[in-house]
file work-v8.txt (compact mmCIF, C-alpha atoms)
# COMPACT_ATOMS: atom_id res chain seq x y z
CA GLU A 1 127.79 117.50 99.47
CA THR A 2 125.39 116.94 96.60
CA GLY A 3 121.89 115.60 96.08
CA VAL A 4 118.94 115.48 98.44
CA THR A 5 119.54 114.94 102.16
CA GLN A 6 116.88 113.94 104.67
CA THR A 7 117.04 113.86 108.44
CA PRO A 8 116.44 111.96 110.58
CA ARG A 9 116.80 108.60 108.83
CA HIS A 10 114.64 106.90 111.45
CA LEU A 11 112.00 108.30 113.79
CA VAL A 12 109.78 106.64 116.37
CA MET A 13 107.07 108.79 117.87
CA GLY A 14 103.97 108.44 119.98
CA MET A 15 100.59 109.58 118.77
CA THR A 16 100.68 112.70 120.94
CA ASN A 17 104.18 113.82 119.95
CA LYS A 18 105.16 116.66 117.65
CA LYS A 19 108.14 116.09 115.40
CA SER A 20 109.54 117.47 112.16
CA LEU A 21 111.22 115.91 109.15
CA LYS A 22 113.84 117.92 107.32
CA CYS A 23 114.93 117.87 103.69
CA GLU A 24 117.70 119.82 102.01
CA GLN A 25 118.61 119.79 98.32
CA HIS A 26 121.93 120.92 96.84
CA LEU A 27 120.93 120.63 93.19
CA GLY A 28 119.74 124.16 92.57
CA HIS A 29 116.23 122.90 91.86
CA ASN A 30 113.11 125.04 92.12
CA ALA A 31 110.57 122.38 93.10
CA MET A 32 110.45 120.13 96.16
CA TYR A 33 108.10 117.32 97.04
CA TRP A 34 107.01 115.09 99.92
CA TYR A 35 106.05 111.51 99.08
CA LYS A 36 104.77 108.73 101.32
CA GLN A 37 105.87 105.17 100.61
CA SER A 38 103.92 102.38 102.27
CA ALA A 39 104.53 98.68 101.78
CA LYS A 40 103.01 97.19 98.62
CA LYS A 41 101.68 100.56 97.44
CA PRO A 42 102.85 103.04 94.79
CA LEU A 43 104.52 106.22 95.90
CA GLU A 44 101.90 108.72 97.06
CA LEU A 45 102.50 112.40 96.41
CA MET A 46 101.67 114.51 99.46
CA PHE A 47 102.83 118.05 98.78
CA VAL A 48 104.58 120.04 96.06
CA TYR A 49 106.37 123.34 96.47
CA SER A 50 107.47 125.37 93.46
CA LEU A 51 109.67 128.37 94.20
CA GLU A 52 108.64 128.16 97.86
CA GLU A 53 104.94 128.32 97.02
CA ARG A 54 102.79 125.31 97.82
CA VAL A 55 101.18 124.25 94.58
CA GLU A 56 99.70 120.91 95.57
CA ASN A 57 98.14 119.46 98.68
CA ASN A 58 97.01 116.05 97.62
CA SER A 59 94.19 115.59 100.15
CA VAL A 60 96.63 115.10 103.00
CA PRO A 61 95.27 115.19 106.57
CA SER A 62 96.03 118.34 108.54
CA ARG A 63 98.17 116.40 111.02
CA PHE A 64 100.85 116.72 108.29
CA SER A 65 101.98 120.32 107.85
CA PRO A 66 104.65 121.21 105.29
CA GLU A 67 106.91 124.24 105.36
CA CYS A 68 109.27 125.53 102.67
CA PRO A 69 111.30 128.49 103.94
CA ASN A 70 113.44 128.65 100.79
CA SER A 71 114.01 126.67 97.61
CA SER A 72 116.66 124.47 99.24
CA HIS A 73 114.82 123.40 102.38
CA LEU A 74 111.59 121.58 103.03
CA PHE A 75 110.08 120.46 106.32
CA LEU A 76 107.21 118.18 107.24
CA HIS A 77 105.77 118.91 110.67
CA LEU A 78 104.00 115.99 112.30
CA HIS A 79 101.37 116.22 115.04
CA THR A 80 99.01 113.65 116.59
CA LEU A 81 99.77 110.99 114.02
CA GLN A 82 98.08 107.62 113.78
CA PRO A 83 99.77 104.20 113.61
CA GLU A 84 98.69 103.90 109.95
CA ASP A 85 100.90 106.91 109.20
CA SER A 86 103.94 104.70 109.76
CA ALA A 87 105.80 104.64 106.44
CA LEU A 88 108.90 105.82 104.61
CA TYR A 89 108.63 109.55 103.88
CA LEU A 90 110.61 110.60 100.86
CA CYS A 91 111.62 114.08 99.85
CA ALA A 92 112.37 114.83 96.20
CA SER A 93 113.35 117.79 94.10
CA SER A 94 113.19 118.66 90.42
CA GLN A 95 114.29 121.55 88.28
CA ASP A 96 110.77 122.85 87.87
CA PHE A 97 107.17 121.79 88.38
CA ARG A 98 104.98 124.18 86.43
CA VAL A 99 106.72 123.92 83.09
CA SER A 100 105.86 122.03 79.95
CA GLU A 101 109.15 120.16 79.72
CA PRO A 102 110.48 117.03 81.39
CA SER A 103 111.84 117.44 84.89
CA ALA A 104 113.05 114.25 86.54
CA LEU A 105 112.63 113.77 90.28
CA HIS A 106 115.69 113.25 92.47
CA PHE A 107 114.94 111.56 95.80
CA GLY A 108 116.51 111.62 99.23
CA ASN A 109 117.00 108.43 101.24
CA GLY A 110 113.87 109.00 103.25
CA THR A 111 112.85 109.02 106.89
CA ARG A 112 111.48 105.72 108.22
CA LEU A 113 108.68 106.80 110.55
CA THR A 114 107.09 104.51 113.12
CA VAL A 115 104.08 105.76 115.08
CA THR A 116 103.40 103.86 118.29
CA GLY B 1 92.57 108.10 88.23
CA GLN B 2 95.65 107.23 86.27
CA GLN B 3 97.67 104.24 87.33
CA LEU B 4 100.56 102.23 86.04
CA ASN B 5 100.93 98.47 86.02
CA GLN B 6 104.30 96.83 86.32
CA SER B 7 105.10 93.24 85.56
CA PRO B 8 106.31 91.03 86.87
CA GLN B 9 105.57 92.01 90.45
CA SER B 10 108.66 90.11 91.59
CA MET B 11 111.31 87.94 90.03
CA PHE B 12 114.10 85.64 91.18
CA ILE B 13 116.88 85.10 88.70
CA GLN B 14 120.30 83.50 88.58
CA GLU B 15 123.35 85.74 88.46
CA GLY B 16 124.37 86.30 84.85
CA GLU B 17 120.86 86.06 83.43
CA ASP B 18 119.19 88.85 81.55
CA VAL B 19 116.12 90.55 83.02
CA SER B 20 113.11 92.11 81.34
CA MET B 21 110.33 94.07 82.99
CA ASN B 22 107.65 96.36 81.70
CA CYS B 23 105.29 99.10 82.64
CA THR B 24 101.92 99.79 81.05
CA SER B 25 99.30 102.49 81.34
CA SER B 26 95.89 103.32 80.00
CA SER B 27 97.05 106.92 79.56
CA ILE B 28 99.62 108.52 77.30
CA PHE B 29 102.74 110.02 78.86
CA ASN B 30 105.34 112.39 77.45
CA THR B 31 108.19 111.05 79.55
CA TRP B 32 108.99 107.67 81.07
CA LEU B 33 111.37 107.34 83.99
CA TRP B 34 112.91 104.25 85.54
CA TYR B 35 114.11 104.25 89.15
CA LYS B 36 115.81 101.68 91.34
CA GLN B 37 115.39 101.57 95.09
CA ASP B 38 117.82 99.67 97.30
CA PRO B 39 116.66 98.57 100.75
CA GLY B 40 116.69 101.53 103.15
CA GLU B 41 117.47 104.01 100.39
CA GLY B 42 115.50 106.42 98.25
CA PRO B 43 114.75 105.73 94.57
CA VAL B 44 117.61 106.56 92.22
CA LEU B 45 116.94 107.64 88.64
CA LEU B 46 118.33 105.09 86.17
CA ILE B 47 117.05 106.17 82.78
CA ALA B 48 114.80 108.92 81.44
CA LEU B 49 113.01 108.57 78.10
CA TYR B 50 111.60 111.60 76.33
CA LYS B 51 110.41 110.46 72.90
CA ALA B 52 108.15 107.68 71.66
CA GLY B 53 110.22 104.82 70.27
CA GLU B 54 113.37 106.03 72.00
CA LEU B 55 115.83 103.35 73.10
CA THR B 56 118.35 104.43 75.73
CA SER B 57 121.13 102.55 77.49
CA ASN B 58 122.93 103.12 80.76
CA GLY B 59 125.64 100.48 81.13
CA ARG B 60 123.94 97.09 81.33
CA LEU B 61 120.52 98.73 81.43
CA THR B 62 118.44 99.44 78.35
CA ALA B 63 115.02 101.05 78.37
CA GLN B 64 112.55 101.80 75.61
CA PHE B 65 109.70 104.28 75.32
CA GLY B 66 106.84 102.41 73.64
CA ILE B 67 105.59 103.82 70.35
CA THR B 68 102.03 103.98 71.69
CA ARG B 69 103.37 106.17 74.54
CA LYS B 70 101.45 103.94 76.93
CA ASP B 71 104.25 101.59 77.88
CA SER B 72 107.94 101.25 78.58
CA PHE B 73 110.39 98.38 78.99
CA LEU B 74 113.54 97.95 81.03
CA ASN B 75 116.12 95.27 80.33
CA ILE B 76 119.12 94.39 82.46
CA SER B 77 121.81 92.27 80.86
CA ALA B 78 124.14 89.86 82.70
CA SER B 79 122.64 90.49 86.14
CA ILE B 80 124.89 90.78 89.19
CA PRO B 81 124.03 90.62 92.92
CA SER B 82 123.99 94.42 93.30
CA ASP B 83 121.09 94.60 90.84
CA VAL B 84 118.86 93.46 93.72
CA GLY B 85 116.21 96.04 94.57
CA ILE B 86 112.86 97.40 93.54
CA TYR B 87 112.52 98.92 90.09
CA PHE B 88 109.89 101.61 89.65
CA CYS B 89 108.60 103.08 86.45
CA ALA B 90 107.06 106.54 86.38
CA GLY B 91 105.08 108.26 83.68
CA GLN B 92 105.21 112.01 83.41
CA ASP B 93 102.60 114.18 81.70
CA ILE B 94 104.48 117.42 81.19
CA MET B 95 101.34 119.32 80.23
CA LYS B 96 99.82 118.82 83.66
CA THR B 97 100.50 121.14 86.52
CA SER B 98 98.67 119.11 89.13
CA TYR B 99 99.45 116.31 91.51
CA ASP B 100 99.06 113.65 88.82
CA LYS B 101 101.87 115.11 86.70
CA VAL B 102 104.04 112.13 87.67
CA ILE B 103 102.53 108.71 88.30
CA PHE B 104 104.56 105.86 89.79
CA GLY B 105 104.07 102.16 89.24
CA PRO B 106 103.94 99.71 92.17
CA GLY B 107 107.41 98.36 91.41
CA THR B 108 109.10 95.13 90.37
CA SER B 109 111.14 93.43 93.08
CA LEU B 110 114.28 91.78 91.72
CA SER B 111 116.26 89.13 93.57
CA VAL B 112 119.52 87.77 92.13
CA ILE B 113 120.75 84.37 93.25
CA PRO B 114 124.57 84.14 93.19

call {"tool": "encode", "arguments": {"input": "work-v8.txt", "output": "structure tokens"}}
result
Amino acid sequence: ETGVTQTPRHLVMGMTNKKSLKCEQHLGHNAMYWYKQSAKKPLELMFVYSLEERVENNSVPSRFSPECPNSSHLFLHLHTLQPEDSALYLCASSQDFRVSEPSALHFGNGTRLTVT
Amino acid sequence: GQQLNQSPQSMFIQEGEDVSMNCTSSSIFNTWLWYKQDPGEGPVLLIALYKAGELTSNGRLTAQFGITRKDSFLNISASIPSDVGIYFCAGQDIMKTSYDKVIFGPGTSLSVIP
């Protein structure tokens, strides 16, 4: 298996639930990302991990909690979400983040999240 | 903050026609990337451009890195139904190490009429 794999593909949760999104990359990359994709809006970067260290938290509410146990796995823990958090959540990886050379992002297929 | 503009926002074309779309920015980027997103899928990298003026092809796709470094163009020749999807451009500033290192455009939605 190659590329970036996300599970689950679809998730429906109530506002009081706790759930987690999982991402795994098989590309040997050192950086992993969480993006939020809402309708009619550009991709929004949420978090960046480089070599398992969080390097960016782009003003994301605390109800979203990322975890990167190793360079191949990334989680997004969800707690007390709001209906406006419904979106497609995309995981991506790249060779590096903190380097002065190009490093293209490779995306997973995303988790379609609906908060009821 | 930085943002990219893509035009057109959407387009409906006949199968076999050529397609042109572009991406512009008020900021300079070192790298331009073009992605395609099929419904229910994640964006897939189509072409990466690393040098101003560079022209790169990938099958029926051709993309150019504008010489001002503030724009990029994507052309699709002889469109087919599977070209349907949303095309995103992204500008990358490799000297940044912050969240705005990569900026995505809002996308161009392409529909192909058989």

call {"tool": "residues_around", "arguments": {"input": "work-v8.txt", "residues": "His106 of chain A", "least_positions_apart": "2", "cutoff": "9 Å", "atoms": "all atoms listed in the file", "output": "list of chain:residue names"}}
result
A:Gly3, A:Val4, A:Cys91, A:Ala92, A:Ser93, A:Ser94, A:Ala104, A:Gly108, B:Gly42, B:Pro43, B:Val44, B:Leu45

call {"tool": "interface_residues", "arguments": {"input": "work-v8.txt", "of": "chain A", "to": "chain B", "cutoff": "12 Å", "atoms": "only C-alpha atoms", "output": "PyMOL selection string"}}
result
chain A and resi 3-6+9-10+33-50+54-60+87-92+94+96-112

call {"tool": "residues_around", "arguments": {"input": "work-v8.txt", "residues": "Asp18 of chain B", "least_positions_apart": "4", "cutoff": "12 Å", "atoms": "all atoms listed in the file", "output": "list in words"}}
result
Met11, Phe12, Ile13, Gln14, Arg60, Leu61, Thr62, Leu74, Asn75, Ile76, Ser77, Ala78, Ser79, Ile80, Asp83, Leu110 and Val112 of chain B

call {"tool": "atom_distance", "arguments": {"input": "work-v8.txt", "atom1": "atom CA of Gly91 of chain B", "atom2": "atom CA of Glu54 of chain B"}}
result
14.5 Å

call {"tool": "atom_distance", "arguments": {"input": "work-v8.txt", "atom1": "atom CA of Leu51 of chain A", "atom2": "atom CA of Leu46 of chain B"}}
result
26.1 Å

call {"tool": "atom_distance", "arguments": {"input": "work-v8.txt", "atom1": "atom CA of Ser72 of chain B", "atom2": "atom CA of Gln25 of chain A"}}
result
29.1 Å

call {"tool": "closest_residue", "arguments": {"input": "work-v8.txt", "among": "B:Ser10, B:Asn5, B:Lys51, B:Ile113", "to": "Ser82 of chain B", "atoms": "only C-alpha atoms"}}
result
B:Ile113

call {"tool": "residues_near_point", "arguments": {"input": "work-v8.txt", "point": "(120.0, 129.7, 96.1)", "cutoff": "7 Å", "atoms": "all atoms listed in the file", "output": "ChimeraX atom specification"}}
result
/A:28,71-72

call {"tool": "residues_around", "arguments": {"input": "work-v8.txt", "residues": "Glu52 of chain A", "least_positions_apart": "5", "cutoff": "7 Å", "atoms": "only C-alpha atoms", "output": "PDB file with C-alpha atoms, keeping the file's coordinate frame"}}
result
ATOM      1  CA  CYS A  68     109.270 125.530 102.670  1.00  0.00           C
ATOM      2  CA  PRO A  69     111.300 128.490 103.940  1.00  0.00           C
ATOM      3  CA  ASN A  70     113.440 128.650 100.790  1.00  0.00           C
ATOM      4  CA  SER A  71     114.010 126.670  97.610  1.00  0.00           C
TER       5      SER A  71
END

call {"tool": "residues_near_point", "arguments": {"input": "work-v8.txt", "point": "(105.9, 93.5, 90.5)", "cutoff": "6 Å", "atoms": "all atoms listed in the file", "output": "ChimeraX atom specification"}}
result
/B:6-10,107-109

call {"tool": "closest_residue", "arguments": {"input": "work-v8.txt", "among": "B:Ser26, B:Met21, B:Lys36, B:Pro81", "to": "Ala63 of chain B", "atoms": "all atoms listed in the file"}}
result
B:Met21

call {"tool": "closest_residue", "arguments": {"input": "work-v8.txt", "among": "A:His73, A:Lys19, A:Arg63, A:His29", "to": "Leu113 of chain A", "atoms": "only C-alpha atoms"}}
result
A:Lys19

call {"tool": "residues_around", "arguments": {"input": "work-v8.txt", "residues": "Thr116 of chain A", "least_positions_apart": "3", "cutoff": "12 Å", "atoms": "all atoms listed in the file", "output": "PyMOL selection string"}}
result
chain A and resi 11-17+80-86+113

call {"tool": "write_last_selection", "arguments": {"input": "work-v8.txt", "atoms": "C-alpha atoms", "output": "PDB file, keeping the file's coordinate frame"}}
result
ATOM      1  CA  LEU A  11     112.000 108.300 113.790  1.00  0.00           C
ATOM      2  CA  VAL A  12     109.780 106.640 116.370  1.00  0.00           C
ATOM      3  CA  MET A  13     107.070 108.790 117.870  1.00  0.00           C
ATOM      4  CA  GLY A  14     103.970 108.440 119.980  1.00  0.00           C
ATOM      5  CA  MET A  15     100.590 109.580 118.770  1.00  0.00           C
ATOM      6  CA  THR A  16     100.680 112.700 120.940  1.00  0.00           C
ATOM      7  CA  ASN A  17     104.180 113.820 119.950  1.00  0.00           C
ATOM      8  CA  THR A  80      99.010 113.650 116.590  1.00  0.00           C
ATOM      9  CA  LEU A  81      99.770 110.990 114.020  1.00  0.00           C
ATOM     10  CA  GLN A  82      98.080 107.620 113.780  1.00  0.00           C
ATOM     11  CA  PRO A  83      99.770 104.200 113.610  1.00  0.00           C
ATOM     12  CA  GLU A  84      98.690 103.900 109.950  1.00  0.00           C
ATOM     13  CA  ASP A  85     100.900 106.910 109.200  1.00  0.00           C
ATOM     14  CA  SER A  86     103.940 104.700 109.760  1.00  0.00           C
ATOM     15  CA  LEU A 113     108.680 106.800 110.550  1.00  0.00           C
TER      16      LEU A 113
END
